[in-house]
>>> print(open('input.txt').read())   # compact mmCIF, C-alpha atoms
# COMPACT_ATOMS: atom_id res chain seq x y z
CA MET A 1 18.65 52.53 -7.19
CA VAL A 2 18.17 50.98 -10.61
CA TYR A 3 14.75 49.47 -11.38
CA ALA A 4 13.76 46.86 -13.90
CA ALA A 5 11.38 48.08 -16.60
CA GLU A 6 8.39 46.48 -14.89
CA ASP A 7 9.33 48.00 -11.52
CA VAL A 8 9.71 51.47 -12.99
CA LYS A 9 6.19 51.34 -14.42
CA GLU A 10 4.73 50.22 -11.10
CA ASN A 11 6.74 52.84 -9.25
CA TYR A 12 5.19 55.59 -11.36
CA ILE A 13 1.64 54.61 -10.56
CA VAL A 14 -0.05 56.80 -7.94
CA SER A 15 -2.06 54.34 -5.88
CA SER A 16 -4.29 56.99 -4.31
CA LEU A 17 -5.32 58.22 -7.76
CA VAL A 18 -6.08 54.65 -8.78
CA ARG A 19 -8.37 54.27 -5.75
CA GLY A 20 -10.07 57.60 -6.43
CA LEU A 21 -10.80 56.73 -10.05
CA LYS A 22 -11.98 53.28 -8.99
CA ILE A 23 -14.48 54.92 -6.65
CA LEU A 24 -15.71 57.33 -9.32
CA SER A 25 -16.09 54.42 -11.75
CA ALA A 26 -18.45 52.70 -9.34
CA PHE A 27 -21.10 55.29 -10.24
CA THR A 28 -22.76 54.15 -13.46
CA VAL A 29 -25.88 54.87 -15.50
CA LYS A 30 -27.62 51.84 -13.98
CA GLY A 31 -26.37 52.67 -10.48
CA PRO A 32 -25.94 56.47 -10.36
CA ALA A 33 -26.62 56.92 -6.62
CA LEU A 34 -24.67 54.93 -4.03
CA LYS A 35 -24.02 54.80 -0.30
CA VAL A 36 -20.50 54.64 1.09
CA SER A 37 -21.04 51.00 2.09
CA GLU A 38 -22.17 50.13 -1.44
CA VAL A 39 -19.13 51.78 -3.00
CA ALA A 40 -16.88 49.91 -0.56
CA GLU A 41 -18.49 46.60 -1.50
CA MET A 42 -18.22 47.29 -5.23
CA THR A 43 -14.58 48.43 -5.11
CA GLY A 44 -13.25 46.09 -2.47
CA LEU A 45 -11.94 49.04 -0.44
CA ASP A 46 -12.66 49.49 3.27
CA GLN A 47 -15.41 51.93 4.23
CA ALA A 48 -13.06 54.32 6.04
CA THR A 49 -10.95 54.73 2.91
CA VAL A 50 -14.01 55.11 0.69
CA PHE A 51 -15.49 57.72 3.01
CA ARG A 52 -12.31 59.85 2.92
CA PHE A 53 -12.19 59.77 -0.86
CA ILE A 54 -15.91 60.50 -1.22
CA TYR A 55 -15.69 63.33 1.33
CA THR A 56 -12.83 64.85 -0.68
CA LEU A 57 -14.66 64.45 -4.00
CA GLU A 58 -17.77 66.04 -2.49
CA HIS A 59 -15.69 68.94 -1.14
CA LEU A 60 -14.23 69.47 -4.62
CA GLY A 61 -17.70 69.44 -6.17
CA TYR A 62 -17.47 66.19 -8.13
CA LEU A 63 -19.92 64.26 -5.95
CA VAL A 64 -23.20 65.39 -4.40
CA ARG A 65 -24.88 63.89 -1.33
CA ASP A 66 -28.63 63.49 -1.10
CA GLU A 67 -29.51 64.36 2.49
CA ASP A 68 -32.68 62.27 2.43
CA THR A 69 -31.28 59.01 1.04
CA LYS A 70 -27.68 59.51 2.24
CA ARG A 71 -26.56 58.45 -1.22
CA TYR A 72 -23.97 60.15 -3.40
CA HIS A 73 -24.01 60.75 -7.15
CA GLN A 74 -21.67 62.39 -9.61
CA SER A 75 -22.28 66.10 -10.07
CA VAL A 76 -22.58 67.88 -13.39
CA ARG A 77 -19.09 69.20 -12.72
CA MET A 78 -17.83 65.77 -13.79
CA LEU A 79 -18.84 66.72 -17.32
CA THR A 80 -16.25 69.50 -17.37
CA LEU A 81 -13.50 66.91 -17.00
CA CYS A 82 -14.47 65.10 -20.16
CA LEU A 83 -15.43 68.14 -22.26
CA PRO A 84 -11.95 68.77 -23.75
CA ALA A 85 -11.71 65.14 -24.80
CA ARG A 86 -15.34 65.07 -25.90
CA ALA A 87 -14.64 67.54 -28.70
CA SER A 88 -12.06 65.22 -30.17
CA LEU A 89 -13.85 61.93 -29.60
CA PRO A 90 -15.12 59.85 -32.53
CA VAL A 91 -18.68 61.12 -32.00
CA ARG A 92 -17.99 64.23 -34.09
CA GLU A 93 -16.22 62.35 -36.85
CA LEU A 94 -18.88 59.64 -36.80
CA ALA A 95 -21.70 62.18 -36.83
CA LEU A 96 -20.56 64.55 -39.59
CA PRO A 97 -21.33 62.26 -42.58
CA THR A 98 -24.83 61.63 -41.22
CA MET A 99 -25.28 65.34 -40.50
CA SER A 100 -24.20 66.29 -44.04
CA GLU A 101 -26.57 63.73 -45.54
CA LEU A 102 -29.46 65.03 -43.45
CA SER A 103 -28.67 68.66 -44.28
CA GLN A 104 -28.64 67.95 -48.01
CA LYS A 105 -31.90 66.03 -47.76
CA ILE A 106 -33.86 68.75 -45.93
CA ASP A 107 -31.83 71.81 -47.10
CA GLU A 108 -31.46 73.13 -43.54
CA SER A 109 -28.62 73.56 -41.05
CA VAL A 110 -27.75 70.60 -38.83
CA LYS A 111 -25.79 70.95 -35.59
CA LEU A 112 -24.18 68.74 -32.98
CA ALA A 113 -23.69 69.80 -29.36
CA VAL A 114 -22.40 68.42 -26.08
CA LEU A 115 -23.89 69.06 -22.65
CA ASP A 116 -21.67 70.95 -20.20
CA GLY A 117 -23.49 71.36 -16.89
CA VAL A 118 -26.64 73.26 -17.83
CA ASP A 119 -25.11 74.75 -20.97
CA ILE A 120 -24.52 73.27 -24.39
CA VAL A 121 -21.34 73.62 -26.41
CA MET A 122 -21.38 73.30 -30.20
CA ILE A 123 -18.95 70.66 -31.53
CA GLY A 124 -20.24 70.15 -35.07
CA VAL A 125 -22.04 72.33 -37.63
CA VAL A 126 -23.23 71.75 -41.20
CA GLU A 127 -24.55 75.06 -42.56
CA VAL A 128 -26.64 75.74 -45.65
CA LEU A 129 -25.59 78.74 -47.72
CA ASN A 130 -28.09 81.59 -48.05
CA LYS A 131 -30.27 80.14 -45.29
CA MET A 132 -31.30 82.20 -42.27
CA SER A 133 -30.12 80.56 -39.05
CA TYR A 134 -28.42 81.34 -35.76
CA LYS A 135 -24.68 81.13 -36.37
CA SER A 136 -23.14 78.67 -33.94
CA PRO A 137 -19.41 78.19 -34.51
CA ILE A 138 -17.51 75.30 -32.94
CA GLY A 139 -17.08 76.00 -29.24
CA HIS A 140 -20.09 78.33 -29.06
CA ARG A 141 -21.85 78.05 -25.69
CA MET A 142 -25.58 78.51 -25.10
CA PRO A 143 -27.97 77.84 -22.20
CA ALA A 144 -29.56 74.41 -22.40
CA TYR A 145 -33.02 75.33 -21.07
CA CYS A 146 -34.06 77.44 -24.06
CA THR A 147 -32.58 75.29 -26.85
CA ALA A 148 -33.90 72.09 -28.38
CA LEU A 149 -30.43 70.56 -28.17
CA GLY A 150 -30.23 71.30 -24.47
CA LYS A 151 -33.69 69.98 -23.70
CA ALA A 152 -32.99 66.80 -25.69
CA MET A 153 -29.92 66.11 -23.54
CA LEU A 154 -31.25 67.22 -20.15
CA ALA A 155 -34.38 65.10 -20.58
CA PHE A 156 -32.30 61.93 -20.76
CA GLN A 157 -30.14 62.56 -17.72
CA PRO A 158 -30.82 60.21 -14.76
CA LEU A 159 -34.11 61.22 -13.16
CA ASP A 160 -32.55 61.56 -9.72
CA ARG A 161 -30.36 64.38 -11.07
CA TRP A 162 -33.19 66.49 -12.42
CA ASP A 163 -33.80 68.48 -9.23
CA HIS A 164 -30.15 69.43 -8.99
CA LEU A 165 -29.84 70.29 -12.68
CA ILE A 166 -32.98 72.41 -12.71
CA SER A 167 -31.87 74.22 -9.54
CA MET A 168 -28.70 75.29 -11.38
CA ILE A 169 -30.59 76.96 -14.23
CA ASP A 170 -31.00 80.73 -14.28
CA PHE A 171 -34.30 80.96 -16.14
CA VAL A 172 -33.73 84.28 -17.88
CA PRO A 173 -36.54 85.19 -20.33
CA ARG A 174 -34.59 85.39 -23.58
CA THR A 175 -37.80 86.00 -25.55
CA LYS A 176 -41.52 86.01 -24.85
CA ASN A 177 -41.54 82.26 -25.63
CA THR A 178 -38.83 81.29 -23.17
CA ILE A 179 -39.85 78.83 -20.46
CA THR A 180 -38.99 80.49 -17.14
CA ASP A 181 -40.98 78.38 -14.68
CA PRO A 182 -39.02 75.41 -13.24
CA ASP A 183 -42.15 73.24 -12.93
CA GLU A 184 -43.17 73.93 -16.51
CA PHE A 185 -39.65 73.13 -17.63
CA ARG A 186 -39.74 69.82 -15.76
CA ASP A 187 -43.01 68.96 -17.52
CA THR A 188 -41.36 69.82 -20.83
CA LEU A 189 -38.46 67.48 -20.08
CA LEU A 190 -40.90 64.68 -19.27
CA GLN A 191 -42.60 65.20 -22.63
CA VAL A 192 -39.25 65.16 -24.42
CA ARG A 193 -38.21 61.97 -22.64
CA GLN A 194 -41.50 60.28 -23.55
CA ARG A 195 -41.57 61.19 -27.24
CA GLY A 196 -37.83 61.05 -27.88
CA TYR A 197 -37.22 64.51 -29.34
CA ALA A 198 -37.32 68.19 -28.38
CA LEU A 199 -38.75 71.27 -30.07
CA GLN A 200 -37.86 74.93 -29.68
CA ASP A 201 -39.87 77.78 -31.19
CA GLY A 202 -38.29 81.19 -30.69
CA GLU A 203 -37.27 80.49 -27.09
CA PHE A 204 -33.65 81.59 -27.56
CA VAL A 205 -33.91 83.88 -30.59
CA GLU A 206 -37.27 85.11 -31.88
CA GLY A 207 -38.22 83.67 -35.23
CA LEU A 208 -35.82 80.74 -35.09
CA GLY A 209 -36.82 77.17 -34.32
CA SER A 210 -35.32 73.73 -34.12
CA VAL A 211 -35.94 70.03 -33.69
CA ALA A 212 -33.40 67.99 -31.72
CA ALA A 213 -32.89 64.33 -30.84
CA PRO A 214 -30.56 62.76 -28.26
CA ILE A 215 -27.59 60.60 -29.21
CA PHE A 216 -27.08 57.57 -27.00
CA GLU A 217 -23.62 56.28 -26.25
CA HIS A 218 -22.68 52.64 -25.80
CA GLY A 219 -23.87 52.43 -22.19
CA GLY A 220 -27.04 54.47 -22.75
CA GLU A 221 -25.62 57.81 -21.59
CA VAL A 222 -26.69 61.00 -23.36
CA THR A 223 -24.15 63.82 -23.54
CA THR A 224 -24.61 64.83 -27.19
CA ALA A 225 -27.56 65.65 -29.44
CA ILE A 226 -28.25 66.59 -33.04
CA ASN A 227 -30.66 69.22 -34.31
CA ILE A 228 -32.19 70.79 -37.39
CA SER A 229 -32.39 74.55 -37.07
CA GLY A 230 -33.57 77.54 -39.05
CA LEU A 231 -36.59 79.81 -39.39
CA SER A 232 -39.50 78.63 -37.26
CA THR A 233 -41.86 79.13 -40.20
CA LEU A 234 -39.87 76.53 -42.14
CA ILE A 235 -38.66 74.09 -39.49
CA LEU A 236 -41.93 73.92 -37.57
CA ASP A 237 -44.31 74.32 -40.51
CA LYS A 238 -47.25 71.92 -40.11
CA ASN A 239 -46.53 70.42 -43.51
CA LYS A 240 -42.84 69.85 -42.73
CA ILE A 241 -42.64 69.20 -39.00
CA ASP A 242 -43.16 65.42 -39.28
CA SER A 243 -40.33 65.03 -41.77
CA MET A 244 -38.08 67.26 -39.65
CA ILE A 245 -38.76 65.16 -36.56
CA SER A 246 -38.23 61.86 -38.37
CA GLY A 247 -35.05 63.22 -39.99
CA ALA A 248 -33.54 64.30 -36.67
CA CYS A 249 -34.56 61.12 -34.86
CA GLU A 250 -33.39 58.77 -37.61
CA SER A 251 -30.05 60.55 -37.85
CA ALA A 252 -29.61 60.45 -34.06
CA ARG A 253 -30.36 56.72 -34.07
CA ALA A 254 -27.84 56.15 -36.87
CA ILE A 255 -25.12 58.00 -34.95
CA SER A 256 -26.03 56.18 -31.73
CA ALA A 257 -25.65 52.86 -33.56
CA LYS A 258 -22.19 53.89 -34.73
CA LEU A 259 -21.29 54.53 -31.09
CA GLY A 260 -22.32 50.98 -30.22
CA TYR A 261 -25.67 51.78 -28.63
CA VAL A 262 -28.28 49.02 -28.51
CA PRO A 263 -31.87 50.32 -27.96
CA GLU A 264 -32.65 47.64 -25.37
CA MET A 265 -30.06 49.25 -23.10
CA VAL A 266 -32.12 52.41 -22.60
CA ARG A 267 -32.64 53.28 -18.94
>>> encode(input="input.txt", output="C-alpha cells")
Amino acid sequence: MVYAAEDVKENYIVSSLVRGLKILSAFTVKGPALKVSEVAEMTGLDQATVFRFIYTLEHLGYLVRDEDTKRYHQSVRMLTLCLPARASLPVRELALPTMSELSQKIDESVKLAVLDGVDIVMIGVVEVLNKMSYKSPIGHRMPAYCTALGKAMLAFQPLDRWDHLISMIDFVPRTKNTITDPDEFRDTLLQVRQRGYALQDGEFVEGLGSVAAPIFEHGGEVTTAINISGLSTLILDKNKIDSMISGACESARAISAKLGYVPEMVR
C-alpha cells in the first residue's frame, strides 16, 4: 500500500507511547502528586487506561505511589532519562560566561552540576590555576548529601519527595564533618531552602569548602546548581563569606533569568 506523506507520518506514530507521555506530562511542579482519577480528568483518557499505564510506569520505577494518600508522583529515576540531554542543554552554554565572570571576580573555582537521583554530576567547571581545589572533571559523580551543590538542589525538590529522596541516601561518613543523621540532614535542607544557598565545610573532603546556589528553570524546577569551591579557610573565611554567598546567589539568579525563570513562579 502506498501512503500519502501525511498518512505516512501518522502511521509512524505509536499511539500508546503518546498516551504514556501524556500521562507523565500531567505531573508538574505545581501538581506533582496525582490520583488516577485526576490524571484521567487532566488527560481526557479513561481511568482504566490511565491505571494500566500508571501501573506499568510504577512497575518500571518511574512513578511512586504514596500508600497513605493513594497519589502517585514521578520518581527520581525520571531524572536519569533527561540526564544525557541535560549535559547538552543550553544551561551549560548559558552558564559558562557567568561562571567565568564570577571566577575572575573572586579568583576561585566555579562549578556547575546537575542532580541525578541522590548524586550530582558535574557538567561545567571553571578552574583557577595554582589554586587548591577538588578536581571535578565533566561527568564526575559525587554524592549529593555531603556537597553544597547537592544540598542546594535537593532542598528545592518538591517537599513531598523529601522522604523518598532521603531514604535513598547512604549516609557514609566521608569525614568527621559529614552529616550522617537523616533528621539532621532534613533540618539542613530546610535551612538551605529558607536562605536560598548551601554551605559545605569539609564534609566531602577535609579542608575543602564551598558555597552553592540553586538555578531555577522556566517552570521553577531545580535540577542544576552553581558553586564556588576551594580551601575552607578561604571560601568560608568570616571576612569573605558574605561576598562568596552574594556572588554565588547573584550568578545563579542571572543564569536562572537566562533560562526564563521569573521569581514569582517559585513554589
>>> residues_around(input="input.txt", residues="range 147-163 of chain A", least_positions_apart="2", cutoff="6 Å", atoms="all atoms listed in the file", output="list in words")
Ala144, Tyr145, Leu165, Ile166, Leu189, Arg193, Ala198, Leu199, Gln200, Ala212, Ala213, Pro214 and Ala225 of chain A
>>> closest_residue(input="input.txt", among="A:Met142, A:Leu102, A:Val211, A:Ile13", to="Asp119 in chain A", atoms="all atoms listed in the file")
A:Met142
>>> residues_around(input="input.txt", residues="Gly31 in chain A", least_positions_apart="4", cutoff="12 Å", atoms="only C-alpha atoms", output="JSON list (two decimals) with C-alpha atoms, in the frame of the given file")
[["chain", "number", "residue", "atom", "x", "y", "z"],
["A", 24, "LEU", "CA", -15.71, 57.33, -9.32],
["A", 25, "SER", "CA", -16.09, 54.42, -11.75],
["A", 26, "ALA", "CA", -18.45, 52.70, -9.34],
["A", 27, "PHE", "CA", -21.10, 55.29, -10.24],
["A", 35, "LYS", "CA", -24.02, 54.80, -0.30],
["A", 38, "GLU", "CA", -22.17, 50.13, -1.44],
["A", 39, "VAL", "CA", -19.13, 51.78, -3.00],
["A", 42, "MET", "CA", -18.22, 47.29, -5.23],
["A", 71, "ARG", "CA", -26.56, 58.45, -1.22],
["A", 72, "TYR", "CA", -23.97, 60.15, -3.40],
["A", 73, "HIS", "CA", -24.01, 60.75, -7.15],
["A", 74, "GLN", "CA", -21.67, 62.39, -9.61],
["A", 158, "PRO", "CA", -30.82, 60.21, -14.76],
["A", 159, "LEU", "CA", -34.11, 61.22, -13.16],
["A", 160, "ASP", "CA", -32.55, 61.56, -9.72],
["A", 219, "GLY", "CA", -23.87, 52.43, -22.19],
["A", 267, "ARG", "CA", -32.64, 53.28, -18.94]]
>>> residues_around(input="input.txt", residues="Ser229 in chain A", least_positions_apart="6", cutoff="9 Å", atoms="all atoms listed in the file", output="PyMOL selection string")
chain A and resi 108-111+133-134+208-212+235
>>> axis_aligned_box(input="input.txt", around="range 97-114 of chain A", padding_each_side="4 Å", output="lines of an AutoDock Vina configuration file")
center_x = -27.6
center_y = 67.6
center_z = -37.0
size_x = 20.5
size_y = 19.9
size_z = 29.9
>>> decode(input="input.txt", residues="range 163-258 of chain A", atoms="C-alpha atoms", output="tab-separated table (two decimals), in the first residue's frame")
chain	number	residue	atom	x	y	z
A	163	ASP	CA	11.12	11.40	52.49
A	164	HIS	CA	11.78	9.25	49.46
A	165	LEU	CA	14.95	11.09	48.47
A	166	ILE	CA	16.40	10.98	51.98
A	167	SER	CA	15.56	7.27	52.28
A	168	MET	CA	17.71	6.63	49.19
A	169	ILE	CA	20.82	8.23	50.69
A	170	ASP	CA	23.56	6.06	52.13
A	171	PHE	CA	24.90	8.44	54.78
A	172	VAL	CA	28.52	7.32	54.76
A	173	PRO	CA	30.77	9.47	56.99
A	174	ARG	CA	33.23	10.81	54.42
A	175	THR	CA	34.91	12.99	57.06
A	176	LYS	CA	34.31	13.93	60.67
A	177	ASN	CA	32.14	16.82	59.42
A	178	THR	CA	29.83	14.73	57.27
A	179	ILE	CA	26.15	14.83	58.19
A	180	THR	CA	25.09	11.21	58.71
A	181	ASP	CA	21.79	11.62	60.58
A	182	PRO	CA	18.72	11.77	58.27
A	183	ASP	CA	16.83	14.10	60.63
A	184	GLU	CA	19.76	16.49	60.86
A	185	PHE	CA	20.08	16.40	57.09
A	186	ARG	CA	16.39	17.25	56.70
A	187	ASP	CA	16.87	20.24	59.02
A	188	THR	CA	19.83	21.31	56.90
A	189	LEU	CA	17.72	21.17	53.74
A	190	LEU	CA	15.06	23.30	55.40
A	191	GLN	CA	17.68	25.91	56.27
A	192	VAL	CA	19.01	25.86	52.71
A	193	ARG	CA	15.51	26.27	51.29
A	194	GLN	CA	14.80	29.20	53.60
A	195	ARG	CA	18.00	31.15	52.99
A	196	GLY	CA	18.47	30.25	49.33
A	197	TYR	CA	22.00	28.83	49.39
A	198	ALA	CA	24.01	25.91	50.78
A	199	LEU	CA	27.34	25.67	52.56
A	200	GLN	CA	29.75	22.77	52.89
A	201	ASP	CA	32.78	22.76	55.17
A	202	GLY	CA	34.96	19.68	54.82
A	203	GLU	CA	32.01	17.29	54.60
A	204	PHE	CA	33.25	15.53	51.45
A	205	VAL	CA	36.99	16.25	51.58
A	206	GLU	CA	38.65	17.63	54.70
A	207	GLY	CA	39.89	21.18	54.31
A	208	LEU	CA	37.75	22.00	51.29
A	209	GLY	CA	34.61	24.11	51.39
A	210	SER	CA	32.03	25.56	49.06
A	211	VAL	CA	29.03	27.83	48.69
A	212	ALA	CA	26.29	26.80	46.26
A	213	ALA	CA	23.05	28.31	44.96
A	214	PRO	CA	20.22	26.66	43.01
A	215	ILE	CA	19.42	27.52	39.41
A	216	PHE	CA	15.72	27.73	38.64
A	217	GLU	CA	14.39	26.71	35.26
A	218	HIS	CA	11.48	28.34	33.46
A	219	GLY	CA	8.80	26.48	35.42
A	220	GLY	CA	10.54	26.78	38.79
A	221	GLU	CA	12.21	23.36	38.73
A	222	VAL	CA	15.70	22.96	40.18
A	223	THR	CA	17.96	20.34	38.61
A	224	THR	CA	21.19	22.36	38.39
A	225	ALA	CA	23.23	24.49	40.77
A	226	ILE	CA	26.37	26.61	40.76
A	227	ASN	CA	29.06	26.73	43.42
A	228	ILE	CA	32.27	28.43	44.50
A	229	SER	CA	34.76	25.92	45.84
A	230	GLY	CA	38.24	25.84	47.29
A	231	LEU	CA	40.02	25.79	50.64
A	232	SER	CA	37.60	26.21	53.53
A	233	THR	CA	39.90	28.78	55.11
A	234	LEU	CA	39.43	30.97	52.03
A	235	ILE	CA	35.88	30.25	50.89
A	236	LEU	CA	34.32	30.30	54.35
A	237	ASP	CA	36.55	32.95	55.92
A	238	LYS	CA	34.45	35.31	58.04
A	239	ASN	CA	35.73	38.29	56.08
A	240	LYS	CA	34.91	36.71	52.71
A	241	ILE	CA	31.87	34.51	53.29
A	242	ASP	CA	29.31	37.27	52.61
A	243	SER	CA	30.85	38.12	49.25
A	244	MET	CA	31.07	34.42	48.35
A	245	ILE	CA	27.40	33.91	49.17
A	246	SER	CA	26.28	37.00	47.26
A	247	GLY	CA	28.49	36.04	44.31
A	248	ALA	CA	27.04	32.53	44.07
A	249	CYS	CA	23.45	33.69	44.56
A	250	GLU	CA	23.68	36.58	42.10
A	251	SER	CA	25.26	34.35	39.47
A	252	ALA	CA	22.58	31.68	40.00
A	253	ARG	CA	19.87	34.31	39.62
A	254	ALA	CA	21.48	35.60	36.41
A	255	ILE	CA	21.58	32.10	34.92
A	256	SER	CA	18.01	31.41	36.06
A	257	ALA	CA	16.89	34.59	34.29
A	258	LYS	CA	18.56	33.42	31.09
